[in-house]
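In what follows, a structure is listed as structure tokens, so that the remarks can point back to it.
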Amino acid sequence: MSRKYLEELHSETVTNYCRLLENKEDDREANWEKERQIYGFDNRETWSLDFTFYLWLYERLMMYKEIGGQTVDLTYHRLEYKNKEYTQLELIDEMLTRLRFCFSEEYDEWNEEHYKYVHEIEAIWAIVLPAMWW
């Protein structure tokens, strides 16, 4: 299965995770197939759910910018984050920058500064989410 936006990252971390999800050789595949038929996904997507969410969010934000941005004025909404005003597009770009860093080899989750920088994605997403329609 192609994951266009994730493949464009050229991230070893992301590539390895996607390979794990696509592995059909595992003895547990029959069980995962049953889960996909019932739920639409299997339990591998609940492993490292924070990372799985970041992958999901990255792909959707990229497509929203690419396709939704043709219909919606992403500079219309003015949103406040840390006492500063941003456009919806600026906050989307900020999340994408942080997500790319999270997926990079330089990200060290044990580094407090790195961890805080990446995990502000959730706070930014909470601010932008109500404006994410088209």
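We label chains A, B, ... in the order they appear in the structure tokens, count residues from 1 in each chain, and number ligands from 1 in the order shown.
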
Practice task
Name the residues in contact with A:Tyr5 at a cut-off of 10 Å, using only C-alpha atoms, excluding same-chain residues fewer than 3 positions from it; report them as number ranges by chain.
Solution key: A: 2, 8-10, 55, 58-63

Exercise for the section: Run DSSP on the backbone and grab whatever in stretch 3-131 of chain A lands in helix (DSSP H, G or I); send it over as a ChimeraX atom specification. Expected result: /A:4-7,12-22,29-39,43-46,49-66,68-70,88-103,112-118,121-131

Completion exercise
One decimal place gives the atom CA of A:His119-atom CA of A:Arg78 separation as 22.2 Å

Handout entry: Exercise: A:Leu79 partners within 8 Å, only C-alpha atoms, chain neighbours under 2 positions left out, as a PyMOL selection string
Key = chain A and resi 77+81+85-88+127-128

For those residues, write N, CA and C atoms to a file as a PDB file, in the first residue's frame.
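The new file out.pdb reads:
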ATOM      1  N   HIS A  77      -8.946  32.210   9.091  1.00  0.00           N
ATOM      2  CA  HIS A  77      -9.071  32.076  10.547  1.00  0.00           C
ATOM      3  C   HIS A  77      -7.827  32.604  11.240  1.00  0.00           C
ATOM      4  N   TYR A  81      -2.215  31.243  19.812  1.00  0.00           N
ATOM      5  CA  TYR A  81      -1.394  30.205  20.430  1.00  0.00           C
ATOM      6  C   TYR A  81      -0.243  30.892  21.154  1.00  0.00           C
ATOM      7  N   GLU A  85      -1.037  35.659  17.605  1.00  0.00           N
ATOM      8  CA  GLU A  85      -2.041  35.326  16.602  1.00  0.00           C
ATOM      9  C   GLU A  85      -1.387  34.691  15.379  1.00  0.00           C
ATOM     10  N   TYR A  86      -2.016  33.618  14.908  1.00  0.00           N
ATOM     11  CA  TYR A  86      -1.540  32.888  13.736  1.00  0.00           C
ATOM     12  C   TYR A  86      -2.710  32.625  12.807  1.00  0.00           C
ATOM     13  N   THR A  87      -2.405  32.406  11.544  1.00  0.00           N
ATOM     14  CA  THR A  87      -3.433  31.915  10.633  1.00  0.00           C
ATOM     15  C   THR A  87      -3.518  30.402  10.803  1.00  0.00           C
ATOM     16  N   GLN A  88      -4.591  29.856  10.293  1.00  0.00           N
ATOM     17  CA  GLN A  88      -4.759  28.402  10.312  1.00  0.00           C
ATOM     18  C   GLN A  88      -3.584  27.745   9.575  1.00  0.00           C
ATOM     19  N   ILE A 127      -6.205  23.703  19.156  1.00  0.00           N
ATOM     20  CA  ILE A 127      -6.587  25.058  18.751  1.00  0.00           C
ATOM     21  C   ILE A 127      -7.087  25.100  17.311  1.00  0.00           C
ATOM     22  N   VAL A 128      -6.423  24.364  16.442  1.00  0.00           N
ATOM     23  CA  VAL A 128      -6.742  24.377  15.006  1.00  0.00           C
ATOM     24  C   VAL A 128      -7.954  23.509  14.660  1.00  0.00           C
TER      25      VAL A 128
END

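If you measure from each of A:Asp50, A:Leu74, A:Asn83, A:Glu35 to A:Glu122 using only C-alpha atoms, the closest one turns out to be A:Asp50.
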